[in-house]
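What follows is the content of target18.txt (compact mmCIF, C-alpha atoms).
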# COMPACT_ATOMS: atom_id res chain seq x y z
CA MET I 30 137.41 110.50 105.46
CA ARG I 31 135.49 107.28 105.41
CA ALA I 32 134.95 105.58 108.73
CA SER I 33 136.16 102.02 108.94
CA GLY I 34 133.22 99.68 108.54
CA PRO I 35 132.72 96.25 110.01
CA PRO I 36 134.71 93.42 108.46
CA CYS I 37 132.93 91.06 106.13
CA ALA I 38 131.31 88.22 108.01
CA THR I 39 133.10 84.88 107.94
CA PRO I 40 130.97 81.88 106.89
CA PRO I 41 130.61 80.51 110.47
CA ARG I 42 129.73 83.94 111.85
CA PHE I 43 127.26 84.59 109.05
CA ALA I 44 125.62 81.17 109.56
CA LEU I 45 125.20 81.84 113.29
CA LEU I 46 123.80 85.30 112.60
CA ALA I 47 121.33 83.99 110.02
CA LEU I 48 120.18 81.23 112.36
CA GLY I 49 119.77 83.74 115.17
CA LEU I 50 117.67 86.04 112.98
CA LEU I 51 115.54 83.09 111.82
CA ALA I 52 114.98 82.04 115.42
CA ALA I 53 114.01 85.60 116.37
CA LEU I 54 111.63 85.74 113.42
CA ALA I 55 110.01 82.43 114.42
CA ALA I 56 109.58 83.64 118.01
CA LEU I 57 108.09 86.92 116.83
CA LEU I 58 105.72 85.06 114.52
CA LEU I 59 104.50 83.02 117.47
CA CYS I 60 103.95 86.22 119.47
CA SER I 61 102.02 87.66 116.54
CA LEU I 62 99.69 84.65 116.55
CA LEU I 63 99.22 84.80 120.32
CA LEU I 64 98.76 88.53 120.87
CA GLY I 65 95.99 90.87 119.83
CA ALA I 66 92.67 92.32 120.92
CA VAL I 67 91.61 88.73 121.68
CA PRO I 68 94.65 86.93 123.15
CA LEU I 69 95.15 83.24 122.49
CA ASP I 70 97.27 80.75 124.39
CA ALA I 71 99.81 78.39 122.82
CA ARG I 72 97.46 75.42 123.02
CA GLN I 73 94.69 77.26 121.17
CA VAL I 74 97.12 78.32 118.46
CA TRP I 75 98.49 74.80 118.05
CA ARG I 76 95.03 73.23 117.82
CA ALA I 77 93.84 75.89 115.39
CA LEU I 78 96.88 75.35 113.16
CA ALA I 79 96.14 71.62 113.20
CA GLY I 80 92.56 72.27 112.12
CA ASP I 81 91.14 71.40 115.53
CA GLY I 82 89.90 73.43 118.47
CA ASP I 83 87.06 75.90 118.80
CA ALA I 84 85.68 77.66 115.76
CA ALA I 85 86.39 81.19 117.06
CA ALA I 86 90.11 80.56 117.55
CA HIS I 87 90.32 78.78 114.18
CA ALA I 88 88.66 81.69 112.38
CA LEU I 89 90.75 84.29 114.19
CA LEU I 90 94.00 82.54 113.35
CA TRP I 91 93.36 81.54 109.75
CA ASN I 92 91.32 84.52 108.62
CA LEU I 93 93.20 87.31 110.40
CA ARG I 94 96.44 86.72 112.26
CA LEU I 95 98.30 84.12 110.20
CA PRO I 96 97.85 85.77 106.77
CA ARG I 97 98.51 89.20 108.25
CA SER I 98 101.71 88.03 109.98
CA LEU I 99 103.03 86.31 106.87
CA LEU I 100 102.18 89.36 104.79
CA ALA I 101 103.99 91.64 107.25
CA MET I 102 107.17 89.60 106.84
CA LEU I 103 106.86 89.58 103.06
CA VAL I 104 106.26 93.34 102.89
CA GLY I 105 109.32 93.97 105.06
CA LEU I 106 111.39 91.76 102.78
CA HIS I 107 110.24 93.75 99.75
CA PHE I 108 111.02 97.17 101.20
CA ALA I 109 114.39 96.12 102.62
CA LEU I 110 115.61 94.58 99.35
CA ALA I 111 114.27 97.50 97.30
CA GLY I 112 116.14 99.94 99.54
CA LEU I 113 119.35 97.92 99.33
CA ILE I 114 119.19 97.83 95.52
CA LEU I 115 118.44 101.54 95.23
CA GLN I 116 121.24 102.56 97.58
CA ALA I 117 123.68 100.52 95.50
CA VAL I 118 122.43 101.68 92.10
CA ILE I 119 121.91 105.36 92.90
CA ARG I 120 124.95 105.39 95.21
CA ASN I 121 122.92 107.46 97.64
CA PRO I 122 122.87 106.36 101.32
CA LEU I 123 119.44 107.98 101.77
CA ALA I 124 117.82 106.17 98.85
CA ASP I 125 114.58 104.28 99.40
CA PRO I 126 111.46 103.66 97.25
CA GLY I 127 110.42 107.26 97.71
CA VAL I 128 113.53 108.53 95.90
CA ILE I 129 112.37 107.26 92.48
CA GLY I 130 108.75 108.24 92.98
CA VAL I 131 107.26 104.80 93.63
CA SER I 132 105.70 105.72 96.97
CA SER I 133 104.33 109.03 95.70
CA GLY I 134 102.85 107.51 92.55
CA ALA I 135 101.19 104.70 94.45
CA SER I 136 99.85 107.15 97.03
CA LEU I 137 98.35 109.37 94.33
CA ALA I 138 96.70 106.38 92.67
CA ILE I 139 95.25 105.26 96.03
CA VAL I 140 93.85 108.70 96.82
CA VAL I 141 92.30 109.11 93.37
CA PHE I 142 90.80 105.63 93.52
CA LEU I 143 89.33 106.04 97.00
CA LEU I 144 88.05 109.58 96.80
CA LEU I 145 86.66 109.37 93.28
CA ALA I 146 85.37 105.79 93.40
CA ASP I 147 81.79 106.81 94.14
CA GLY I 148 81.65 109.25 91.24
CA LEU I 149 83.30 106.83 88.83
CA ASN I 150 80.91 104.08 89.87
CA ALA I 151 77.97 106.33 89.17
CA MET I 152 79.26 107.24 85.71
CA LEU I 153 80.28 103.71 84.73
CA ALA I 154 77.05 102.18 85.97
CA ASP I 155 74.80 104.75 84.28
CA GLY I 156 72.42 102.98 81.94
CA THR I 157 73.88 99.50 82.51
CA ALA I 158 72.79 96.36 84.29
CA ALA I 159 75.13 97.17 87.15
CA GLU I 160 72.93 100.13 88.00
CA ALA I 161 69.93 97.84 88.33
CA ASP I 162 71.40 95.40 90.78
CA GLY I 163 73.44 98.03 92.63
CA ALA I 164 76.80 96.25 92.11
CA PRO I 165 79.63 98.84 92.03
CA TRP I 166 82.22 98.74 89.29
CA LEU I 167 85.05 99.89 91.57
CA THR I 168 85.44 98.39 95.04
CA LEU I 169 88.18 98.40 97.69
CA ALA I 170 89.41 95.11 96.21
CA GLY I 171 90.81 97.17 93.33
CA LEU I 172 93.08 99.26 95.55
CA PRO I 173 96.19 97.06 95.20
CA ALA I 174 95.96 97.10 91.41
CA ALA I 175 95.57 100.90 91.40
CA ALA I 176 98.55 101.36 93.74
CA LEU I 177 100.73 99.03 91.68
CA LEU I 178 99.91 100.86 88.44
CA GLY I 179 100.51 104.24 90.08
CA GLY I 180 103.88 103.23 91.50
CA LEU I 181 105.07 101.73 88.23
CA ALA I 182 103.88 104.75 86.21
CA SER I 183 105.69 107.27 88.41
CA ALA I 184 108.88 105.21 88.36
CA LEU I 185 108.71 105.00 84.56
CA LEU I 186 108.32 108.78 84.44
CA VAL I 187 111.44 109.27 86.55
CA LEU I 188 113.39 106.79 84.42
CA GLY I 189 112.22 108.54 81.24
CA LEU I 190 113.32 111.94 82.54
CA SER I 191 116.73 110.46 83.43
CA TRP I 192 117.26 108.55 80.18
CA ARG I 193 119.32 111.21 78.38
CA ALA I 194 121.76 111.22 81.27
CA ALA I 195 122.11 107.42 80.92
CA ILE I 196 120.07 107.09 84.15
CA GLY I 197 122.98 108.53 86.10
CA PRO I 198 122.70 108.34 89.89
CA ALA I 199 122.64 112.10 90.48
CA ARG I 200 120.10 112.86 87.74
CA LEU I 201 117.94 109.92 88.79
CA ALA I 202 117.82 111.07 92.41
CA LEU I 203 117.07 114.70 91.48
CA ASN I 204 114.30 113.73 89.06
CA GLY I 205 112.86 111.33 91.61
CA VAL I 206 112.74 113.99 94.32
CA ALA I 207 111.13 116.49 91.94
CA VAL I 208 108.48 114.06 90.67
CA GLY I 209 107.81 112.84 94.20
CA ALA I 210 107.31 116.39 95.47
CA VAL I 211 104.80 117.17 92.71
CA LEU I 212 102.88 113.94 93.26
CA ASN I 213 102.80 114.44 97.05
CA ALA I 214 101.44 117.95 96.53
CA LEU I 215 98.72 116.51 94.29
CA VAL I 216 97.87 113.95 96.98
CA MET I 217 97.40 116.65 99.60
CA TRP I 218 95.40 118.84 97.21
CA ILE I 219 93.00 116.02 96.29
CA VAL I 220 92.49 115.03 99.93
CA VAL I 221 91.75 118.63 100.95
CA ALA I 222 89.57 119.41 97.92
CA TRP I 223 87.53 116.20 97.76
CA GLY I 224 87.88 114.71 101.21
CA GLY I 225 84.79 113.21 102.71
CA ALA I 226 83.60 109.77 103.65
CA ARG I 227 86.70 108.21 102.08
CA THR I 228 89.22 110.44 103.85
CA GLU I 229 89.67 108.15 106.86
CA ILE I 230 90.43 105.11 104.68
CA THR I 231 92.79 107.25 102.61
CA VAL I 232 94.76 108.48 105.62
CA ILE I 233 95.05 104.96 107.06
CA TRP I 234 96.33 103.59 103.76
CA LEU I 235 98.80 106.44 103.26
CA ALA I 236 100.18 105.82 106.77
CA GLY I 237 100.88 102.19 105.87
CA SER I 238 98.55 99.59 107.34
CA LEU I 239 98.00 95.83 107.35
CA TYR I 240 94.50 96.08 108.76
CA GLY I 241 92.06 93.65 107.15
CA ARG I 242 94.69 91.88 105.04
CA ASP I 243 94.10 88.21 104.30
CA PHE I 244 95.37 85.33 102.17
CA ASP I 245 94.09 87.04 99.00
CA HIS I 246 96.56 89.89 99.56
CA LEU I 247 99.29 87.37 100.35
CA ALA I 248 98.55 85.48 97.14
CA MET I 249 98.74 88.73 95.22
CA LEU I 250 102.13 89.67 96.63
CA LEU I 251 103.84 86.26 96.55
CA PRO I 252 104.40 86.08 92.75
CA TRP I 253 106.10 89.47 92.86
CA SER I 254 108.29 88.23 95.72
CA LEU I 255 109.41 85.22 93.69
CA LEU I 256 110.00 87.39 90.63
CA GLY I 257 112.01 89.90 92.63
CA LEU I 258 114.17 87.24 94.29
CA ALA I 259 114.83 85.60 90.91
CA GLY I 260 115.86 88.98 89.53
CA LEU I 261 118.20 89.53 92.46
CA LEU I 262 120.00 86.27 91.75
CA LEU I 263 120.77 87.56 88.25
CA LEU I 264 121.86 90.93 89.64
CA LEU I 265 124.40 89.76 92.22
CA ARG I 266 127.54 90.50 90.21
CA PRO I 267 126.25 93.64 88.44
CA LEU I 268 125.05 95.13 91.74
CA SER I 269 128.44 94.59 93.33
CA LEU I 270 129.99 96.63 90.49
CA LEU I 271 127.28 99.29 90.22
CA ARG I 272 128.21 100.45 93.71
CA PHE I 273 131.45 101.83 92.25
CA ASP I 274 132.11 104.66 89.82
CA ASP I 275 130.65 104.15 86.33
CA GLY I 276 134.11 104.32 84.72
CA LEU I 277 135.47 101.59 86.97
CA ALA I 278 132.40 99.42 86.38
CA ARG I 279 132.82 99.77 82.60
CA ALA I 280 136.51 98.96 82.88
CA LEU I 281 135.54 95.72 84.62
CA GLY I 282 133.35 94.78 81.68
CA LEU I 283 129.91 95.83 82.91
CA HIS I 284 127.29 97.38 80.61
CA VAL I 285 126.34 100.06 83.13
CA LEU I 286 123.14 101.41 81.55
CA ARG I 287 121.64 97.99 80.87
CA TRP I 288 122.29 96.59 84.34
CA ARG I 289 121.36 99.80 86.16
CA LEU I 290 118.01 99.77 84.37
CA ALA I 291 117.49 96.08 85.19
CA ALA I 292 118.30 96.68 88.87
CA LEU I 293 115.91 99.63 89.02
CA VAL I 294 113.13 97.56 87.45
CA VAL I 295 113.57 94.87 90.12
CA ALA I 296 113.58 97.48 92.90
CA VAL I 297 110.47 99.18 91.51
CA LEU I 298 108.58 95.89 91.23
CA LEU I 299 109.48 94.94 94.80
CA ALA I 300 108.53 98.34 96.23
CA ALA I 301 105.41 98.97 94.16
CA SER I 302 103.93 95.53 94.86
CA ALA I 303 104.52 95.97 98.62
CA ILE I 304 102.96 99.43 98.60
CA ALA I 305 100.02 98.02 96.66
CA VAL I 306 99.00 95.73 99.52
CA ALA I 307 100.21 97.65 102.59
CA GLY I 308 100.66 101.29 101.67
CA PRO I 309 103.93 103.28 101.80
CA ILE I 310 105.44 101.89 105.02
CA GLY I 311 108.33 104.20 105.76
CA PHE I 312 111.95 103.80 106.88
CA VAL I 313 112.22 100.04 106.26
CA GLY I 314 114.02 100.46 102.93
CA LEU I 315 116.17 103.25 104.33
CA VAL I 316 117.33 101.88 107.68
CA ILE I 317 117.54 98.11 107.19
CA PRO I 318 120.36 98.06 104.58
CA HIS I 319 122.55 100.21 106.84
CA PHE I 320 121.79 98.07 109.86
CA ALA I 321 122.61 94.92 107.88
CA ARG I 322 125.97 96.40 106.85
CA LEU I 323 126.84 96.88 110.50
CA LEU I 324 126.19 93.19 111.06
CA VAL I 325 127.90 91.60 108.05
CA GLY I 326 129.88 94.27 106.21
CA GLY I 327 129.54 95.13 102.54
CA GLU I 328 129.71 91.75 100.82
CA LEU I 329 126.54 91.53 98.75
CA ARG I 330 125.38 87.93 99.26
CA PRO I 331 125.27 87.92 103.07
CA LEU I 332 124.03 91.51 102.97
CA LEU I 333 120.98 90.47 100.94
CA VAL I 334 120.13 87.60 103.30
CA VAL I 335 120.50 89.67 106.46
CA SER I 336 118.58 92.59 104.94
CA LEU I 337 115.56 90.50 104.04
CA LEU I 338 115.50 88.84 107.48
CA CYS I 339 115.86 92.15 109.31
CA GLY I 340 113.21 93.74 107.09
CA ALA I 341 110.79 90.95 107.93
CA LEU I 342 111.59 91.30 111.64
CA LEU I 343 111.02 95.06 111.64
CA THR I 344 107.63 95.04 109.91
CA LEU I 345 106.34 92.02 111.83
CA GLY I 346 107.47 93.53 115.12
CA ALA I 347 105.86 96.86 114.21
CA ASP I 348 102.63 95.05 113.31
CA VAL I 349 102.56 93.24 116.66
CA LEU I 350 103.04 96.54 118.48
CA ALA I 351 100.42 98.23 116.30
CA ARG I 352 97.85 95.63 117.37
CA THR I 353 98.70 95.55 121.06
CA VAL I 354 99.91 98.96 122.26
CA ILE I 355 96.44 100.52 122.48
CA SER I 356 94.36 97.36 122.08
CA PRO I 357 91.55 96.99 121.04
CA LEU I 358 92.36 100.02 118.86
CA GLU I 359 95.07 99.73 116.25
CA LEU I 360 97.88 101.96 115.01
CA PRO I 361 99.12 102.09 111.40
CA VAL I 362 102.21 99.94 110.91
CA GLY I 363 103.90 102.78 109.04
CA ALA I 364 103.68 105.00 112.10
CA LEU I 365 105.45 102.36 114.18
CA THR I 366 108.21 101.72 111.63
CA THR I 367 108.84 105.47 111.48
CA LEU I 368 109.02 105.77 115.27
CA ILE I 369 111.40 102.79 115.37
CA GLY I 370 113.35 103.80 112.29
CA ILE I 371 114.16 107.41 113.18
CA PRO I 372 116.15 106.72 116.38
CA VAL I 373 117.86 103.72 114.74
CA PHE I 374 118.86 105.87 111.79
CA LEU I 375 120.15 108.64 114.07
CA LEU I 376 122.18 106.04 115.96
CA LEU I 377 123.64 104.77 112.71
CA LEU I 378 124.56 108.33 111.75
CA GLN I 379 126.53 108.59 114.98
CA ARG I 380 128.27 105.26 114.37
CA GLN I 381 129.37 105.99 110.80
CA THR I 382 130.38 109.10 108.95
CA ASP I 383 129.94 107.52 105.52
CA PHE I 384 127.16 105.21 104.39
CA ARG I 385 128.70 104.12 101.15
CA PRO I 386 126.45 101.36 99.69
Please lay out the structure from this file as structure tokens.
Amino acid sequence: MRASGPPCATPPRFALLALGLLAALAALLLCSLLLGAVPLDARQVWRALAGDGDAAAHALLWNLRLPRSLLAMLVGLHFALAGLILQAVIRNPLADPGVIGVSSGASLAIVVFLLLADGLNAMLADGTAAEADGAPWLTLAGLPAAALLGGLASALLVLGLSWRAAIGPARLALNGVAVGAVLNALVMWIVVAWGGARTEITVIWLAGSLYGRDFDHLAMLLPWSLLGLAGLLLLLRPLSLLRFDDGLARALGLHVLRWRLAALVVAVLLAASAIAVAGPIGFVGLVIPHFARLLVGGELRPLLVVSLLCGALLTLGADVLARTVISPLELPVGALTTLIGIPVFLLLLQRQTDFRP
């Protein structure tokens, strides 16, 4: 029997909740700018933001902390919205980007790119001008593109395998798990067989990290964010119907296959682009939609707003902890989101017996 969920949030309650989450996000952003291996005070941050102050504080803020903090929020938004869409479309409370193979495909592409980059550079540069000046053909700057292509390719494979079943939720989830398991096995095999100088970078990326991210990564992700949000606006009504049985959705006039495919494309783009710049940060897409439902109920519009704000809060908070817990060393953000996400998810399991999207 389904446990009674929270009532849908009234407009005044939702407005207060949204304002509270925005205030918490602003406060956390300020903490992110202040804290780190080299702490800054509020005056230094203010003067650096205004383009004044000492050069060291200005460089630290604009080259490292500000772009990284903004990117952390954007990545959390992507994973949270992707998880919310997938849980509605697949009708699986445990759905996240890993279910349709996006995380596994991106991880495989990252491992292949990192561990084989030296060999590929040698082959591509053989007999060319690049060999003379020593400029490599493949550099770490190409990692996001490789991860994005890998995530999209694996998702397309899962969708292709599920096409004959009209991309049904059960078949989609089973194919996604199977493809993900094969790709994860390939990742481990490549790391073990060809691990070497690149292994450390590979492990850090696969754990999910924002280390070294700057405004270039933010500029890469932002267009995908705008595209994903625009797609969500078009999907509001179809998503609200896709959460129900296919027969009921068709009876209400929805073209189930067309809109399920469109929703999956939006979720894949959101997840793959986030993985491309930060790696497969776990548990954000799984936990945040359930937590948002506890706050505002199941109505889709407030659920989307609260999910994206909570997703941004979780990843930014995890990034702040990753930079400060063992400073000056740094933990992967994905490790922190997993440590935070597991107890939260277990608590949600105790609170509800049914996680119907």
**Item:** Neighbours of point (118.7, 93.7, 103.5) within 10 Å, using only C-alpha atoms, written as number ranges by chain
**Value:** I: 105-114, 313-322, 329-341
Can you build me a table of stretch 107-133 of chain I residues sitting at most 9 Å from stretch 273-292 of chain I, with the closest atom pair per residue and its distance in Å to one decimal, using all atoms listed in the file, sorted by chain and residue number, as a Markdown table?
| residue | atom | partner | partner_atom | distance |
| --- | --- | --- | --- | --- |
| I:Ile114 | CA | I:Ala292 | CA | 6.8 |
| I:Leu115 | CA | I:Ala292 | CA | 8.0 |
| I:Ala117 | CA | I:Phe273 | CA | 8.5 |
| I:Val118 | CA | I:Arg289 | CA | 6.3 |
| I:Ile119 | CA | I:Arg289 | CA | 8.8 |
| I:Arg120 | CA | I:Phe273 | CA | 8.0 |
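Proximity ranking of I:Ile304, I:Leu95, I:Ala222, I:Leu239 relative to I:Val362 places I:Leu239 first, based on all atoms listed in the file.
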**Message:** For I:Ala207, find every residue with an atom within 12 Å (counting all atoms listed in the file), except residues of its own chain fewer than 5 positions away, and show them as a ChimeraX atom specification.
**Reply:** /I:127-130,133,183,186-187,190-191,200-202,212-214
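The smallest atom-to-atom distance between I:Asp243 and any of I:Leu54, I:Leu368, I:Leu90, I:Ala77, using all atoms listed in the file, is found for I:Leu90.
Distances here use all atoms listed in the file; by that measure, the residue among I:Leu293, I:Ala124, I:Leu350, I:Ala174 closest to I:Gly363 is I:Leu350.
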**Prompt:** Which polymer residues have any atom within 10 Å of an atom of I:Ala248, counting all atoms listed in the file, with same-chain residues fewer than 4 positions away left out, as a PyMOL selection string?
**Reply:** chain I and resi 96+100+243-244+252-253
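One distance worth recording is that between atom CA of I:Trp75 and atom CA of I:Thr366, which is 29.3 Å.
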**Prompt:** Could you name the residues that touch I:Ala53 at 12 Å or less, counting only C-alpha atoms, but leaving out those on the same chain fewer than 6 positions away, as number ranges by chain?
**Reply:** I: 46-47, 59-60, 338-339, 341-343, 345-346
**Prompt:** atom CA of I:Val232 and atom CA of I:Ala210 are how many Å apart?
**Reply:** 18.0 Å
**Prompt:** Between I:Leu358, I:Leu270, I:Leu143, I:Val295, which is the closest to I:Glu328 once you count all atoms listed in the file?
**Reply:** I:Leu270
